[in-house]
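Undergrad: Once you've had a glance at the structure underneath, I'll fire off some questions.
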Amino acid sequence: MEKMSRALERAKMLVGMEVDEEVPAEAPSFFDDFNRQCTLTTQQRLYGFAVCLAAGLACTFLSILVFFNPIKFGITFTFGNLLALGSTAFLIGPKRQFDLMLDAVRIYATAIYMASLIIALFCAFYVHSKLLTLLAIILEFGALVW
């Protein structure tokens with residue numbers, strides 16, 4: 001159990017969190033209530049992170065198999081990215097992740113990334129346009145790298 005605690009501390013330091021960070025007292029928000037209701041042990045957090053990340057990476061790598069069908073590629077690539085993004089919420093919590101994504105340094109990349117996720121899924125599911133889906137995936141990948 002101590003190994004998992006140390007691994008979680010290293011993962012927190014990797015994403016820029018301080019290990020013994022104190023949270024100032026504020027008015028309770030939606031995320032505070034959500035975090036209180038979703039308390040997980042360190043082991044559960046690490047398992048959730050590993051499973052979500054593995055599923056996300058599997059979807060992303062499987063999207064290469066359907067690369068020449070841009071609609072299927074867009075769907076699998078986007079779901080893989082969503083799962084990989086959700087995996088970090090297990091480590092640092094959804095509120096902290098949301099705050100980090102809306103940081104002044106990351107706000108533009110986050111906005112473009114979220115918009116491109118929505119556009120890619122919209123173009124794949126409703127418009128059925130291969131060109132628009134491919135353009136949205138290129139924009140999504142660019143925002144992810146940024």
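Simple scheme: letters A, B, ... for chains in structure tokens order, numbers from 1 for residues in each chain, numbers from 1 for ligands in the order shown.
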Quick one: residues within 12 Å of Ile118 in chain A, only C-alpha atoms, excluding same-chain residues fewer than 2 positions away - as number ranges by chain?
TA: A: 74-75, 78-79, 81-82, 111-116, 120-126, 133, 136-137, 139-140
Undergrad: List the spatial neighbours of Phe67 in chain A as a PyMOL selection string - criterion: any atom at most 12 Å away, only C-alpha atoms, same-chain residues fewer than 4 positions off excluded.
TA: chain A and resi 60-63+71-77+130+133-134+137
Undergrad: Quick one: write out the picked residues with all heavy atoms as a short mmCIF file (atom, residue, chain, number, x, y, z; two decimals), in the first residue's frame?
TA:
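Below is the file again_13.cif, written as the result:
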```cif
data_model
loop_
_atom_site.label_atom_id
_atom_site.label_comp_id
_atom_site.auth_asym_id
_atom_site.auth_seq_id
_atom_site.Cartn_x
_atom_site.Cartn_y
_atom_site.Cartn_z
N THR A 60 -6.87 4.56 -29.37
CA THR A 60 -6.06 5.43 -30.22
C THR A 60 -5.22 4.59 -31.19
O THR A 60 -5.13 4.92 -32.37
CB THR A 60 -5.16 6.32 -29.35
OG1 THR A 60 -5.98 7.09 -28.48
CG2 THR A 60 -4.34 7.26 -30.21
N PHE A 61 -4.60 3.53 -30.70
CA PHE A 61 -3.80 2.69 -31.58
C PHE A 61 -4.66 1.88 -32.55
O PHE A 61 -4.25 1.64 -33.68
CB PHE A 61 -2.88 1.78 -30.78
CG PHE A 61 -1.75 2.51 -30.13
CD1 PHE A 61 -1.50 2.36 -28.78
CD2 PHE A 61 -0.94 3.37 -30.84
CE1 PHE A 61 -0.47 3.05 -28.16
CE2 PHE A 61 0.10 4.06 -30.24
CZ PHE A 61 0.34 3.90 -28.90
N LEU A 62 -5.85 1.46 -32.12
CA LEU A 62 -6.74 0.74 -33.02
C LEU A 62 -7.28 1.65 -34.13
O LEU A 62 -7.67 1.17 -35.19
CB LEU A 62 -7.89 0.11 -32.25
CG LEU A 62 -7.54 -1.11 -31.42
CD1 LEU A 62 -8.74 -1.56 -30.60
CD2 LEU A 62 -7.04 -2.24 -32.29
N SER A 63 -7.29 2.95 -33.87
CA SER A 63 -7.75 3.87 -34.90
C SER A 63 -6.83 3.85 -36.11
O SER A 63 -7.26 4.15 -37.22
CB SER A 63 -7.87 5.29 -34.34
OG SER A 63 -6.60 5.82 -34.05
N ILE A 71 -14.20 8.41 -41.01
CA ILE A 71 -15.28 8.48 -40.02
C ILE A 71 -15.00 7.53 -38.86
O ILE A 71 -15.05 7.93 -37.69
CB ILE A 71 -16.64 8.20 -40.69
CG1 ILE A 71 -16.97 9.36 -41.65
CG2 ILE A 71 -17.73 8.04 -39.65
CD1 ILE A 71 -18.20 9.15 -42.48
N LYS A 72 -14.66 6.28 -39.17
CA LYS A 72 -14.32 5.33 -38.11
C LYS A 72 -13.05 5.76 -37.38
O LYS A 72 -12.94 5.62 -36.16
CB LYS A 72 -14.15 3.93 -38.68
CG LYS A 72 -15.43 3.28 -39.12
CD LYS A 72 -15.20 1.90 -39.66
CE LYS A 72 -16.50 1.28 -40.15
NZ LYS A 72 -16.28 -0.05 -40.72
N PHE A 73 -12.10 6.29 -38.14
CA PHE A 73 -10.86 6.77 -37.53
C PHE A 73 -11.15 7.91 -36.56
O PHE A 73 -10.64 7.94 -35.44
CB PHE A 73 -9.88 7.24 -38.62
CG PHE A 73 -8.65 7.88 -38.07
CD1 PHE A 73 -7.65 7.11 -37.49
CD2 PHE A 73 -8.47 9.26 -38.13
CE1 PHE A 73 -6.51 7.70 -36.99
CE2 PHE A 73 -7.34 9.85 -37.63
CZ PHE A 73 -6.35 9.07 -37.06
N GLY A 74 -11.99 8.84 -36.98
CA GLY A 74 -12.33 9.97 -36.12
C GLY A 74 -13.01 9.56 -34.84
O GLY A 74 -12.72 10.08 -33.76
N ILE A 75 -13.91 8.59 -34.93
CA ILE A 75 -14.63 8.13 -33.75
C ILE A 75 -13.69 7.42 -32.78
O ILE A 75 -13.67 7.74 -31.58
CB ILE A 75 -15.80 7.21 -34.16
CG1 ILE A 75 -16.87 8.03 -34.89
CG2 ILE A 75 -16.40 6.52 -32.94
CD1 ILE A 75 -17.93 7.19 -35.57
N THR A 76 -12.90 6.47 -33.27
CA THR A 76 -12.02 5.73 -32.36
C THR A 76 -10.92 6.61 -31.80
O THR A 76 -10.57 6.50 -30.62
CB THR A 76 -11.41 4.50 -33.06
OG1 THR A 76 -10.73 4.92 -34.24
CG2 THR A 76 -12.46 3.46 -33.38
N PHE A 77 -10.36 7.50 -32.61
CA PHE A 77 -9.31 8.40 -32.14
C PHE A 77 -9.84 9.35 -31.07
O PHE A 77 -9.22 9.58 -30.04
CB PHE A 77 -8.72 9.18 -33.32
CG PHE A 77 -7.53 10.02 -32.97
CD1 PHE A 77 -6.29 9.44 -32.80
CD2 PHE A 77 -7.66 11.39 -32.81
CE1 PHE A 77 -5.19 10.21 -32.47
CE2 PHE A 77 -6.56 12.17 -32.48
CZ PHE A 77 -5.33 11.58 -32.31
N LYS A 130 -16.28 12.76 -44.63
CA LYS A 130 -14.93 12.28 -44.39
C LYS A 130 -13.94 13.44 -44.30
O LYS A 130 -13.06 13.45 -43.44
CB LYS A 130 -14.51 11.30 -45.47
CG LYS A 130 -15.28 10.01 -45.45
CD LYS A 130 -14.84 9.08 -46.55
CE LYS A 130 -15.64 7.78 -46.48
NZ LYS A 130 -15.20 6.83 -47.48
N THR A 133 -14.44 15.43 -41.00
CA THR A 133 -13.96 14.63 -39.87
C THR A 133 -12.45 14.61 -39.82
O THR A 133 -11.85 14.78 -38.76
CB THR A 133 -14.50 13.19 -39.96
OG1 THR A 133 -15.93 13.23 -40.04
CG2 THR A 133 -14.08 12.37 -38.77
N LEU A 134 -11.82 14.45 -40.97
CA LEU A 134 -10.36 14.44 -41.03
C LEU A 134 -9.78 15.80 -40.63
O LEU A 134 -8.78 15.86 -39.90
CB LEU A 134 -9.90 14.05 -42.43
CG LEU A 134 -8.44 13.70 -42.60
CD1 LEU A 134 -8.07 12.54 -41.68
CD2 LEU A 134 -8.14 13.33 -44.04
N ILE A 137 -10.01 16.08 -36.89
CA ILE A 137 -9.01 15.24 -36.23
C ILE A 137 -7.64 15.91 -36.31
O ILE A 137 -6.86 15.87 -35.34
CB ILE A 137 -8.98 13.83 -36.88
CG1 ILE A 137 -10.25 13.09 -36.56
CG2 ILE A 137 -7.76 13.04 -36.41
CD1 ILE A 137 -10.50 12.85 -35.10
#
```
Undergrad: Give one line per residue of range 71-124 of chain A that approaches range 42-46 of chain A to at most 10 Å, naming the two atoms of the closest pair and their distance in Å to one decimal, counting only C-alpha atoms; sort by chain then ascending residue number and deliver it as JSON lines.
TA:
```
{"residue": "A:Ser87", "atom": "CA", "partner": "A:Arg45", "partner_atom": "CA", "distance": 9.2}
{"residue": "A:Thr88", "atom": "CA", "partner": "A:Arg45", "partner_atom": "CA", "distance": 9.5}
{"residue": "A:Ala89", "atom": "CA", "partner": "A:Arg45", "partner_atom": "CA", "distance": 8.9}
{"residue": "A:Phe90", "atom": "CA", "partner": "A:Arg45", "partner_atom": "CA", "distance": 5.1}
{"residue": "A:Leu91", "atom": "CA", "partner": "A:Arg45", "partner_atom": "CA", "distance": 5.9}
{"residue": "A:Ile92", "atom": "CA", "partner": "A:Arg45", "partner_atom": "CA", "distance": 9.0}
{"residue": "A:Gly93", "atom": "CA", "partner": "A:Arg45", "partner_atom": "CA", "distance": 9.2}
```
Undergrad: So how far away is CA of Gly142 in chain A from CA of Ile107 in chain A, in Å?
TA: 14.6 Å
Undergrad: Tell me which of A:Ala50, A:Leu144, A:Val127, A:Leu57 sits closest to Met101 in chain A, counting only C-alpha atoms.
TA: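 Using only C-alpha atoms, the shortest distance to Met101 in chain A belongs to A:Leu144.
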Undergrad: How far is it from CA of Ala55 in chain A to CA of Leu83 in chain A, in Å with one decimal?
TA: 6.8 Å
Undergrad: Please compute the CA of Arg106 in chain A-CA of Gly80 in chain A distance, one decimal, in Å.
TA: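 Straight-line distance from CA of Arg106 in chain A to CA of Gly80 in chain A works out to 20.8 Å.
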Undergrad: Using only C-alpha atoms, can you tell me which of A:Ile119, A:Arg6, A:Tyr47, A:Lys95 comes closest to Ser29 in chain A?
TA: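 For Ser29 in chain A, the nearest of the given residues is A:Lys95.
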